[in-house]
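Shown here: model_25.cif, mmCIF, C-alpha atoms and all ligand atoms.
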```
data_run
#
loop_
_atom_site.label_atom_id
_atom_site.label_comp_id
_atom_site.auth_asym_id
_atom_site.auth_seq_id
_atom_site.Cartn_x
_atom_site.Cartn_y
_atom_site.Cartn_z
CA MET A 1 6.15 5.12 12.93
CA LEU A 2 7.52 6.70 9.77
CA ILE A 3 5.06 8.89 7.88
CA GLY A 4 5.17 8.95 4.09
CA ALA A 5 3.47 10.58 1.15
CA HIS A 6 2.67 9.53 -2.38
CA VAL A 7 4.45 12.04 -4.58
CA SER A 8 4.78 12.79 -8.27
CA THR A 9 7.89 11.94 -10.28
CA SER A 10 7.15 14.55 -12.90
CA GLY A 11 10.52 15.86 -14.11
CA GLY A 12 12.35 12.65 -13.24
CA LEU A 13 12.39 9.97 -10.56
CA VAL A 14 14.78 11.82 -8.23
CA THR A 15 12.41 14.77 -7.98
CA ALA A 16 10.23 12.54 -5.77
CA LEU A 17 12.82 12.89 -3.00
CA GLU A 18 12.60 16.70 -3.15
CA ARG A 19 8.80 16.59 -3.11
CA GLY A 20 8.79 14.21 -0.15
CA THR A 21 11.21 16.44 1.72
CA ALA A 22 9.13 19.54 0.92
CA VAL A 23 6.04 18.07 2.64
CA GLY A 24 8.04 16.77 5.61
CA ALA A 25 7.68 13.07 4.82
CA ASP A 26 10.01 10.30 6.06
CA VAL A 27 9.00 7.98 3.23
CA VAL A 28 7.87 8.44 -0.37
CA GLN A 29 5.70 6.34 -2.63
CA VAL A 30 5.89 6.74 -6.40
CA PHE A 31 4.55 5.33 -9.63
CA THR A 32 7.50 4.03 -11.62
CA GLN A 33 5.43 4.22 -14.79
CA SER A 34 2.20 5.83 -15.87
CA PRO A 35 -0.43 4.39 -13.47
CA ARG A 36 -3.26 4.29 -16.00
CA MET A 37 -1.43 3.31 -19.20
CA TRP A 38 0.18 0.10 -20.43
CA ARG A 39 3.20 2.03 -21.66
CA SER A 40 6.47 0.48 -20.45
CA PRO A 41 8.68 2.57 -18.19
CA SER A 42 11.21 4.73 -19.99
CA HIS A 43 13.85 5.31 -17.31
CA THR A 44 17.47 5.02 -18.35
CA PRO A 45 19.73 2.77 -16.26
CA GLU A 46 21.50 5.98 -15.18
CA ALA A 47 18.25 7.51 -13.89
CA LEU A 48 17.48 4.36 -11.92
CA ALA A 49 20.97 4.28 -10.41
CA ALA A 50 20.80 8.01 -9.65
CA TYR A 51 17.57 7.51 -7.68
CA ARG A 52 18.92 4.49 -5.83
CA ASP A 53 22.09 6.34 -4.82
CA ALA A 54 20.30 9.57 -3.86
CA ALA A 55 17.71 7.66 -1.81
CA ALA A 56 20.30 5.49 -0.06
CA SER A 57 22.18 8.53 1.26
CA HIS A 58 19.21 10.86 1.71
CA GLU A 59 19.14 12.79 4.96
CA SER A 60 15.38 12.69 5.61
CA ILE A 61 13.72 10.20 3.24
CA ARG A 62 14.26 6.78 4.78
CA ALA A 63 12.42 4.49 2.36
CA THR A 64 10.69 4.37 -1.02
CA PHE A 65 7.67 2.34 -2.02
CA ALA A 66 6.39 1.91 -5.56
CA HIS A 67 2.70 1.60 -6.40
CA ALA A 68 1.98 -0.72 -9.31
CA THR A 69 0.00 0.31 -12.38
CA TYR A 70 -3.76 0.36 -11.70
CA LEU A 71 -4.61 -1.46 -14.95
CA VAL A 72 -3.03 -4.69 -13.73
CA ASN A 73 -5.68 -7.37 -13.18
CA LEU A 74 -4.24 -10.75 -12.27
CA ALA A 75 -7.76 -12.12 -11.78
CA SER A 76 -9.01 -11.26 -15.28
CA GLY A 77 -10.71 -13.92 -17.36
CA ASP A 78 -9.54 -12.13 -20.52
CA GLU A 79 -6.36 -13.82 -21.75
CA GLU A 80 -4.91 -10.73 -23.38
CA LEU A 81 -5.55 -8.53 -20.34
CA TYR A 82 -4.05 -11.19 -18.09
CA ALA A 83 -0.92 -11.45 -20.25
CA LYS A 84 -0.53 -7.67 -20.33
CA SER A 85 -1.02 -7.55 -16.56
CA CYS A 86 1.70 -10.17 -15.98
CA ARG A 87 4.16 -8.26 -18.16
CA CYS A 88 3.30 -4.96 -16.52
CA LEU A 89 3.73 -6.38 -13.02
CA LEU A 90 7.16 -7.67 -14.02
CA GLU A 91 8.14 -4.21 -15.30
CA ASN A 92 6.93 -2.59 -12.09
CA LEU A 93 8.93 -5.06 -9.98
CA VAL A 94 12.12 -4.68 -12.00
CA THR A 95 12.04 -0.88 -11.94
CA ALA A 96 11.13 -0.67 -8.24
CA SER A 97 13.90 -3.08 -7.34
CA ALA A 98 16.38 -1.11 -9.44
CA ILE A 99 15.66 2.09 -7.50
CA GLY A 100 16.04 0.29 -4.19
CA ALA A 101 12.35 0.38 -3.24
CA SER A 102 11.21 -1.46 -0.12
CA GLY A 103 8.21 -2.88 -1.92
CA VAL A 104 5.74 -2.73 -4.79
CA VAL A 105 2.15 -2.23 -3.66
CA LEU A 106 -0.32 -4.11 -5.85
CA HIS A 107 -4.09 -4.14 -6.31
CA VAL A 108 -4.51 -7.78 -7.30
CA GLY A 109 -7.50 -7.08 -9.54
CA SER A 110 -11.09 -8.15 -9.99
CA HIS A 111 -12.67 -11.51 -10.85
CA ARG A 112 -15.91 -9.67 -11.71
CA GLY A 113 -18.01 -11.94 -9.58
CA ALA A 114 -16.48 -15.30 -10.53
CA GLY A 115 -15.20 -15.75 -6.98
CA LEU A 116 -11.66 -15.85 -5.64
CA GLY A 117 -11.54 -19.65 -5.73
CA SER A 118 -11.87 -19.71 -9.50
CA VAL A 119 -8.93 -17.31 -10.06
CA LEU A 120 -6.62 -18.21 -7.18
CA GLY A 121 -4.38 -20.39 -9.36
CA GLN A 122 -3.88 -17.78 -12.07
CA VAL A 123 -3.22 -15.06 -9.47
CA ARG A 124 -0.62 -17.22 -7.73
CA ASP A 125 1.04 -18.16 -11.06
CA ALA A 126 1.23 -14.51 -12.12
CA ILE A 127 2.77 -13.37 -8.86
CA GLU A 128 5.30 -16.18 -8.60
CA ARG A 129 6.33 -15.85 -12.24
CA ALA A 130 6.72 -12.07 -12.00
CA LEU A 131 8.92 -12.36 -8.90
CA ASP A 132 11.03 -15.13 -10.45
CA ASP A 133 11.41 -13.31 -13.77
CA ALA A 134 12.26 -10.05 -11.99
CA GLU A 135 15.04 -11.81 -10.11
CA ASP A 136 16.35 -13.30 -13.35
CA ALA A 137 16.29 -9.88 -15.03
CA LEU A 138 17.96 -8.17 -12.09
CA GLY A 139 20.42 -10.93 -11.28
CA ALA A 140 19.55 -10.10 -7.67
CA PRO A 141 16.62 -10.41 -5.27
CA ALA A 142 13.53 -8.38 -6.19
CA CYS A 143 11.86 -6.08 -3.68
CA ARG A 144 8.85 -7.37 -1.79
CA LEU A 145 5.45 -7.52 -3.45
CA LEU A 146 2.81 -6.07 -1.11
CA LEU A 147 -0.79 -7.13 -1.83
CA GLU A 148 -3.19 -4.35 -0.88
CA ASN A 149 -6.57 -4.88 0.75
CA ALA A 150 -9.45 -3.66 -1.42
CA ALA A 151 -12.50 -1.55 -0.67
CA GLY A 152 -14.59 -4.40 -2.03
CA ALA A 153 -16.23 -3.04 -5.17
CA GLY A 154 -17.16 -5.26 -8.11
CA GLY A 155 -15.45 -8.54 -7.29
CA THR A 156 -12.14 -6.98 -6.28
CA VAL A 157 -9.69 -9.49 -4.84
CA GLY A 158 -8.56 -8.59 -1.32
CA ARG A 159 -11.89 -7.35 0.00
CA SER A 160 -10.99 -9.21 3.17
CA LEU A 161 -7.67 -10.03 4.78
CA ASP A 162 -8.59 -13.70 4.47
CA GLU A 163 -8.55 -13.30 0.68
CA LEU A 164 -5.02 -11.89 0.81
CA ALA A 165 -4.05 -14.73 3.14
CA ALA A 166 -5.47 -17.24 0.66
CA ILE A 167 -3.16 -15.86 -2.05
CA VAL A 168 -0.13 -15.99 0.23
CA ASP A 169 -1.05 -19.56 1.18
CA ALA A 170 -1.53 -20.53 -2.46
CA ALA A 171 2.01 -19.23 -3.06
CA GLY A 172 3.28 -21.54 -0.32
CA GLY A 173 3.86 -18.64 2.06
CA ASP A 174 6.49 -17.16 -0.27
CA PRO A 175 8.58 -14.80 1.92
CA ARG A 176 8.74 -12.32 -1.00
CA LEU A 177 5.05 -11.58 -0.43
CA GLY A 178 3.67 -9.07 2.04
CA VAL A 179 0.60 -6.91 2.41
CA CYS A 180 -0.28 -3.23 2.44
CA LEU A 181 -3.19 -2.22 4.63
CA ASP A 182 -5.16 0.78 3.36
CA THR A 183 -7.18 2.41 6.15
CA GLN A 184 -9.79 3.77 3.72
CA HIS A 185 -10.25 0.43 1.97
CA LEU A 186 -10.47 -1.32 5.36
CA TRP A 187 -13.23 1.07 6.45
CA ALA A 188 -15.08 0.77 3.14
CA SER A 189 -14.88 -3.02 3.36
CA GLY A 190 -16.81 -2.81 6.64
CA VAL A 191 -14.14 -3.03 9.34
CA ASP A 192 -14.97 -0.57 12.13
CA TYR A 193 -11.76 0.36 13.97
CA SER A 194 -13.15 3.51 15.56
CA SER A 195 -12.80 2.23 19.13
CA LEU A 196 -9.61 0.85 20.69
CA GLU A 197 -11.36 -2.53 20.92
CA GLY A 198 -12.32 -2.36 17.25
CA ALA A 199 -8.76 -1.45 16.28
CA ASP A 200 -7.42 -4.31 18.42
CA ALA A 201 -9.79 -6.71 16.67
CA ALA A 202 -8.66 -5.44 13.24
CA ILE A 203 -4.99 -5.91 14.09
CA ASP A 204 -5.70 -9.35 15.58
CA ALA A 205 -7.54 -10.32 12.39
CA LEU A 206 -4.54 -9.20 10.35
CA ASP A 207 -2.22 -11.24 12.53
CA ARG A 208 -4.40 -14.35 12.37
CA SER A 209 -4.84 -14.14 8.59
CA VAL A 210 -1.68 -13.00 6.79
CA GLY A 211 0.42 -12.48 9.92
CA LEU A 212 1.72 -9.15 11.21
CA GLU A 213 5.23 -9.89 9.96
CA ARG A 214 3.94 -9.55 6.41
CA LEU A 215 2.61 -6.02 6.93
CA GLY A 216 5.03 -3.98 4.80
CA CYS A 217 3.25 -0.65 4.78
CA ILE A 218 0.05 1.12 5.65
CA HIS A 219 -1.82 3.44 3.32
CA LEU A 220 -3.14 6.14 5.63
CA ASN A 221 -6.28 7.73 4.22
CA ASP A 222 -9.61 9.00 5.48
CA SER A 223 -12.74 8.04 3.54
CA LYS A 224 -15.26 9.96 1.46
CA VAL A 225 -17.68 7.04 1.83
CA PRO A 226 -19.24 5.47 4.94
CA LEU A 227 -18.32 2.24 6.70
CA GLY A 228 -19.03 -0.73 4.43
CA ALA A 229 -19.73 1.36 1.33
CA ASN A 230 -17.27 -0.78 -0.73
CA ARG A 231 -15.91 2.15 -2.70
CA ASP A 232 -12.31 3.36 -3.03
CA ARG A 233 -12.57 7.11 -2.27
CA HIS A 234 -9.80 8.74 -0.26
CA GLU A 235 -10.29 11.87 1.82
CA ASN A 236 -7.91 14.11 3.75
CA LEU A 237 -7.25 12.93 7.31
CA GLY A 238 -9.91 14.12 9.74
CA GLU A 239 -12.18 15.41 6.97
CA GLY A 240 -13.91 12.16 6.08
CA GLU A 241 -16.19 9.44 7.38
CA VAL A 242 -13.47 7.73 9.42
CA GLY A 243 -12.30 10.83 11.26
CA ALA A 244 -9.16 11.61 13.22
CA ALA A 245 -10.17 9.79 16.40
CA ALA A 246 -10.84 6.48 14.64
CA LEU A 247 -7.61 6.72 12.65
CA ALA A 248 -5.79 7.43 15.92
CA SER A 249 -7.16 4.30 17.58
CA LEU A 250 -5.75 2.19 14.77
CA LEU A 251 -2.49 4.06 14.21
CA GLY A 252 -1.54 4.06 17.88
CA HIS A 253 -1.60 0.25 18.07
CA PRO A 254 1.84 -0.79 19.35
CA ALA A 255 2.05 -3.81 17.02
CA ILE A 256 2.33 -1.58 13.94
CA GLU A 257 4.66 1.14 15.23
CA ASP A 258 7.52 0.00 12.98
CA VAL A 259 5.39 -0.07 9.82
CA PRO A 260 5.57 3.04 7.59
CA ALA A 261 2.27 4.82 6.94
CA VAL A 262 1.99 6.48 3.52
CA LEU A 263 -0.57 9.19 2.75
CA GLU A 264 -2.51 9.00 -0.50
CA VAL A 265 -4.90 11.81 0.33
CA PRO A 266 -6.13 14.34 -2.21
CA GLY A 267 -4.81 17.46 -0.45
CA ASP A 268 -5.93 20.38 -2.61
CA GLY A 269 -6.07 18.07 -5.63
CA ASP A 270 -2.35 17.48 -6.07
CA GLY A 271 -1.85 14.90 -3.34
CA PRO A 272 -0.49 15.07 0.20
CA ARG A 273 0.65 18.51 1.44
CA ALA A 274 2.83 19.46 4.42
CA GLU A 275 -0.31 20.03 6.50
CA ASP A 276 -1.52 16.51 5.68
CA VAL A 277 1.77 15.02 6.88
CA SER A 278 1.51 17.16 10.05
CA ALA A 279 -2.06 15.94 10.57
CA ALA A 280 -0.84 12.35 10.31
CA ARG A 281 1.83 12.94 12.95
CA ARG A 282 -0.73 14.58 15.24
CA ILE A 283 -3.17 11.67 14.82
CA LEU A 284 -0.38 9.19 15.50
CA SER A 285 0.67 10.92 18.72
CA ASP A 286 -2.99 11.19 19.82
CA GLY A 287 -3.37 7.46 19.16
CA VAL A 288 -0.27 6.57 21.15
CA ALA A 289 -1.47 8.79 24.01
CA ALA A 290 -4.95 7.23 23.97
CA ARG A 291 -3.37 3.78 24.24
CA ALA A 292 -1.19 4.88 27.15
CA ARG A 293 -4.23 6.35 28.91
CA ALA A 294 -6.24 3.18 28.38
CA ARG A 295 -3.38 1.12 29.84
CA GLY A 296 -3.20 3.47 32.83
CA GLU A 297 -6.92 3.14 33.49
CA GLY A 298 -6.74 -0.61 33.06
CA ALA A 299 -4.05 -0.74 35.73
CA GLY A 300 -5.94 1.69 38.00
CA GLY A 301 -6.34 0.73 41.65
CA ARG A 302 -3.47 -1.69 41.66
ZN ZN B 401 -3.29 1.19 -3.80
ZN ZN B 402 -7.55 3.54 -2.54
#
```
Spit out the file's structure as structure tokens when you get a sec.
Amino acid sequence: MLIGAHVSTSGGLVTALERGTAVGADVVQVFTQSPRMWRSPSHTPEALAAYRDAAASHESIRATFAHATYLVNLASGDEELYAKSCRCLLENLVTASAIGASGVVLHVGSHRGAGLGSVLGQVRDAIERALDDAEDALGAPACRLLLENAAGAGGTVGRSLDELAAIVDAAGGDPRLGVCLDTQHLWASGVDYSSLEGADAAIDALDRSVGLERLGCIHLNDSKVPLGANRDRHENLGEGEVGAAALASLLGHPAIEDVPAVLEVPGDGDGPRAEDVSAARRILSDGVAARARARGEGAGGR
């Protein structure tokens, strides 16, 4: 499993590769535009090409993911906000594709209590149109759009994997769609994966709903809030309510070993540090070892 880190692009997109390398990551995740502003991205075509070329030949960074602007709300009942969200999603997709990203991770948004059923059509239309328009703008395939599971606050879409599956189904199973599974959001939405059996059940539920083949990346975070608290609050690995052992039981699952896991932990306040990436690798190897031990015990006596 590749381990990644969300890193800043302050000073230019390509600086993300240096920051990722400095913390020992295999993968980086970036914002391609200001995450909390509607301002369009300002990268020159040269800067985009420079990132794509540097990333493609990089000696340690193997993949890049882009995280979409947080303001995007494809489930909004406000026409202006919806229109802005559609345009912003398109910009995110075009830029991410231009830098050779493996996917754009998206928080679908919030219906503010109206229910997923009442916004499913507008969410599907927004996603399909953004992907189509991005391909037209690029004259080439766009990168995958990865719908992220939500912690479940205030009518957020994606509070369950079934909700993400409903969107994929509404889009006719569009192969351009995938999902991103955030371990903190999963915990906050009430899924207890602290035992190997619990982790197995969580992975089975993912496979039965959206299908494992759609899992494009994992967001690997501990949680400041307890199981089922429905709030999006990341904590450093092993320092939160999930804990290292629970994260290990999930991370060591063999079905997800080829899926990159990207840290979005606070670190000291500036995001993932080298020690956070090391902690992730330690938790992963503990998880793999726990699985091997459990298999050995299961086969005991034969
Ligand atoms: Zn996210
Ligand atoms: Zn989060």
| field | Contacts with ligand ZN 402 (chain B) at most 9 Å, all atoms listed in the file counted, listed as a PyMOL selection string | value | chain A and resi 150-151+182-185+219+221+231-234+264
| query | Which protein, DNA or RNA residues have an atom at most 10 Å from (6.7, -4.9, -11.0), counting all atoms listed in the file? List them as a PyMOL selection string. | reply | chain A and resi 32-33+66-69+85-97+103-106+127+130-131+134+142-145
| Quick one: of A:Leu120, A:Pro272, A:Leu263, A:Leu196, who's nearest to A:Ala289, counting only C-alpha atoms? |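 Among the listed residues, the smallest separation from A:Ala289 belongs to A:Leu196.
Contact shell of A:Tyr70 at 10 Å (all atoms listed in the file; same-chain neighbours under 3 positions omitted): Phe31, Ser34, Pro35, Arg36, Met37, Trp38, His67, Asn73, Ser85, Leu106, His107, Val108 and Gly109 of chain A.
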| message | Can you measure atom CA of A:Ala55 to atom CA of A:Ile99 for me? One decimal in Å is fine. | response |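 Those two atoms sit 8.2 Å apart.
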| task | In the coordinates of the file, take the point (13.6, 11.2, -4.7) and a cut-off of 10 Å; then, counting only C-alpha atoms, name each qualifying protein, DNA or RNA residue as number ranges by chain. | result | A: 7-9, 12-21, 27-30, 50-56, 58, 61, 63-64, 99
| request: In Å, rounded to a single decimal, give me how far atom CA of A:Asp26 is from atom CA of A:Pro45. | output: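 Interatomic distance, atom CA of A:Pro45 to atom CA of A:Asp26: 25.5 Å.
Distances here use all atoms listed in the file; by that measure, the residue among A:Leu220, A:Val210, A:Ala229, A:Ala165 closest to ligand ZN 401 (chain B) is A:Leu220.
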Missing atoms in stretch 116-127 of chain A need filling: write out all heavy atoms for it as an mmCIF file, in the coordinates of the input.
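Everything below was put into rebuild25.cif:
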```
data_model
loop_
_atom_site.group_PDB
_atom_site.id
_atom_site.type_symbol
_atom_site.label_atom_id
_atom_site.label_comp_id
_atom_site.auth_asym_id
_atom_site.auth_seq_id
_atom_site.Cartn_x
_atom_site.Cartn_y
_atom_site.Cartn_z
ATOM 1 N N LEU A 116 -13.117 -15.745 -5.761
ATOM 2 C CA LEU A 116 -11.660 -15.850 -5.640
ATOM 3 C C LEU A 116 -11.176 -17.265 -5.961
ATOM 4 O O LEU A 116 -10.143 -17.448 -6.595
ATOM 5 C CB LEU A 116 -11.216 -15.444 -4.219
ATOM 6 C CG LEU A 116 -9.714 -15.572 -3.952
ATOM 7 C CD1 LEU A 116 -8.912 -14.671 -4.880
ATOM 8 C CD2 LEU A 116 -9.383 -15.263 -2.491
ATOM 9 N N GLY A 117 -11.964 -18.259 -5.527
ATOM 10 C CA GLY A 117 -11.540 -19.650 -5.730
ATOM 11 C C GLY A 117 -11.254 -19.958 -7.188
ATOM 12 O O GLY A 117 -10.301 -20.684 -7.500
ATOM 13 N N SER A 118 -12.023 -19.385 -8.079
ATOM 14 C CA SER A 118 -11.870 -19.710 -9.500
ATOM 15 C C SER A 118 -10.664 -19.017 -10.135
ATOM 16 O O SER A 118 -10.272 -19.373 -11.252
ATOM 17 C CB SER A 118 -13.153 -19.356 -10.257
ATOM 18 O OG SER A 118 -13.323 -17.957 -10.292
ATOM 19 N N VAL A 119 -10.073 -18.019 -9.466
ATOM 20 C CA VAL A 119 -8.930 -17.310 -10.060
ATOM 21 C C VAL A 119 -7.649 -17.437 -9.219
ATOM 22 O O VAL A 119 -6.595 -16.928 -9.601
ATOM 23 C CB VAL A 119 -9.223 -15.808 -10.265
ATOM 24 C CG1 VAL A 119 -10.345 -15.609 -11.264
ATOM 25 C CG2 VAL A 119 -9.556 -15.109 -8.955
ATOM 26 N N LEU A 120 -7.749 -18.141 -8.109
ATOM 27 C CA LEU A 120 -6.620 -18.210 -7.180
ATOM 28 C C LEU A 120 -5.363 -18.754 -7.857
ATOM 29 O O LEU A 120 -4.267 -18.228 -7.667
ATOM 30 C CB LEU A 120 -7.011 -19.070 -5.972
ATOM 31 C CG LEU A 120 -6.162 -18.971 -4.724
ATOM 32 C CD1 LEU A 120 -5.990 -17.526 -4.278
ATOM 33 C CD2 LEU A 120 -6.785 -19.805 -3.602
ATOM 34 N N GLY A 121 -5.530 -19.775 -8.684
ATOM 35 C CA GLY A 121 -4.380 -20.390 -9.360
ATOM 36 C C GLY A 121 -3.702 -19.418 -10.311
ATOM 37 O O GLY A 121 -2.469 -19.309 -10.322
ATOM 38 N N GLN A 122 -4.485 -18.704 -11.099
ATOM 39 C CA GLN A 122 -3.880 -17.780 -12.070
ATOM 40 C C GLN A 122 -3.229 -16.592 -11.367
ATOM 41 O O GLN A 122 -2.209 -16.074 -11.832
ATOM 42 C CB GLN A 122 -4.906 -17.333 -13.114
ATOM 43 C CG GLN A 122 -5.934 -16.317 -12.613
ATOM 44 C CD GLN A 122 -6.851 -15.835 -13.732
ATOM 45 O OE1 GLN A 122 -7.606 -16.640 -14.305
ATOM 46 N NE2 GLN A 122 -6.802 -14.551 -14.050
ATOM 47 N N VAL A 123 -3.808 -16.162 -10.232
ATOM 48 C CA VAL A 123 -3.220 -15.060 -9.470
ATOM 49 C C VAL A 123 -1.865 -15.513 -8.900
ATOM 50 O O VAL A 123 -0.864 -14.803 -9.007
ATOM 51 C CB VAL A 123 -4.165 -14.597 -8.327
ATOM 52 C CG1 VAL A 123 -3.451 -13.645 -7.381
ATOM 53 C CG2 VAL A 123 -5.406 -13.927 -8.905
ATOM 54 N N ARG A 124 -1.861 -16.693 -8.303
ATOM 55 C CA ARG A 124 -0.620 -17.220 -7.730
ATOM 56 C C ARG A 124 0.444 -17.376 -8.828
ATOM 57 O O ARG A 124 1.586 -16.957 -8.658
ATOM 58 C CB ARG A 124 -0.873 -18.589 -7.077
ATOM 59 C CG ARG A 124 0.394 -19.230 -6.534
ATOM 60 C CD ARG A 124 0.298 -20.746 -6.519
ATOM 61 N NE ARG A 124 -0.097 -21.271 -7.815
ATOM 62 C CZ ARG A 124 -0.929 -22.304 -7.987
ATOM 63 N NH1 ARG A 124 -1.458 -22.905 -6.947
ATOM 64 N NH2 ARG A 124 -1.225 -22.719 -9.210
ATOM 65 N N ASP A 125 0.069 -17.956 -9.965
ATOM 66 C CA ASP A 125 1.040 -18.160 -11.060
ATOM 67 C C ASP A 125 1.626 -16.823 -11.501
ATOM 68 O O ASP A 125 2.830 -16.716 -11.725
ATOM 69 C CB ASP A 125 0.354 -18.832 -12.254
ATOM 70 C CG ASP A 125 -0.011 -20.282 -11.961
ATOM 71 O OD1 ASP A 125 0.421 -20.799 -10.908
ATOM 72 O OD2 ASP A 125 -0.737 -20.877 -12.773
ATOM 73 N N ALA A 126 0.769 -15.818 -11.643
ATOM 74 C CA ALA A 126 1.230 -14.510 -12.120
ATOM 75 C C ALA A 126 2.233 -13.898 -11.150
ATOM 76 O O ALA A 126 3.282 -13.377 -11.557
ATOM 77 C CB ALA A 126 0.028 -13.572 -12.293
ATOM 78 N N ILE A 127 1.908 -13.966 -9.880
ATOM 79 C CA ILE A 127 2.770 -13.370 -8.860
ATOM 80 C C ILE A 127 4.114 -14.081 -8.781
ATOM 81 O O ILE A 127 5.182 -13.457 -8.771
ATOM 82 C CB ILE A 127 2.034 -13.435 -7.491
ATOM 83 C CG1 ILE A 127 0.915 -12.386 -7.450
ATOM 84 C CG2 ILE A 127 2.999 -13.259 -6.347
ATOM 85 C CD1 ILE A 127 0.022 -12.513 -6.243
#
```
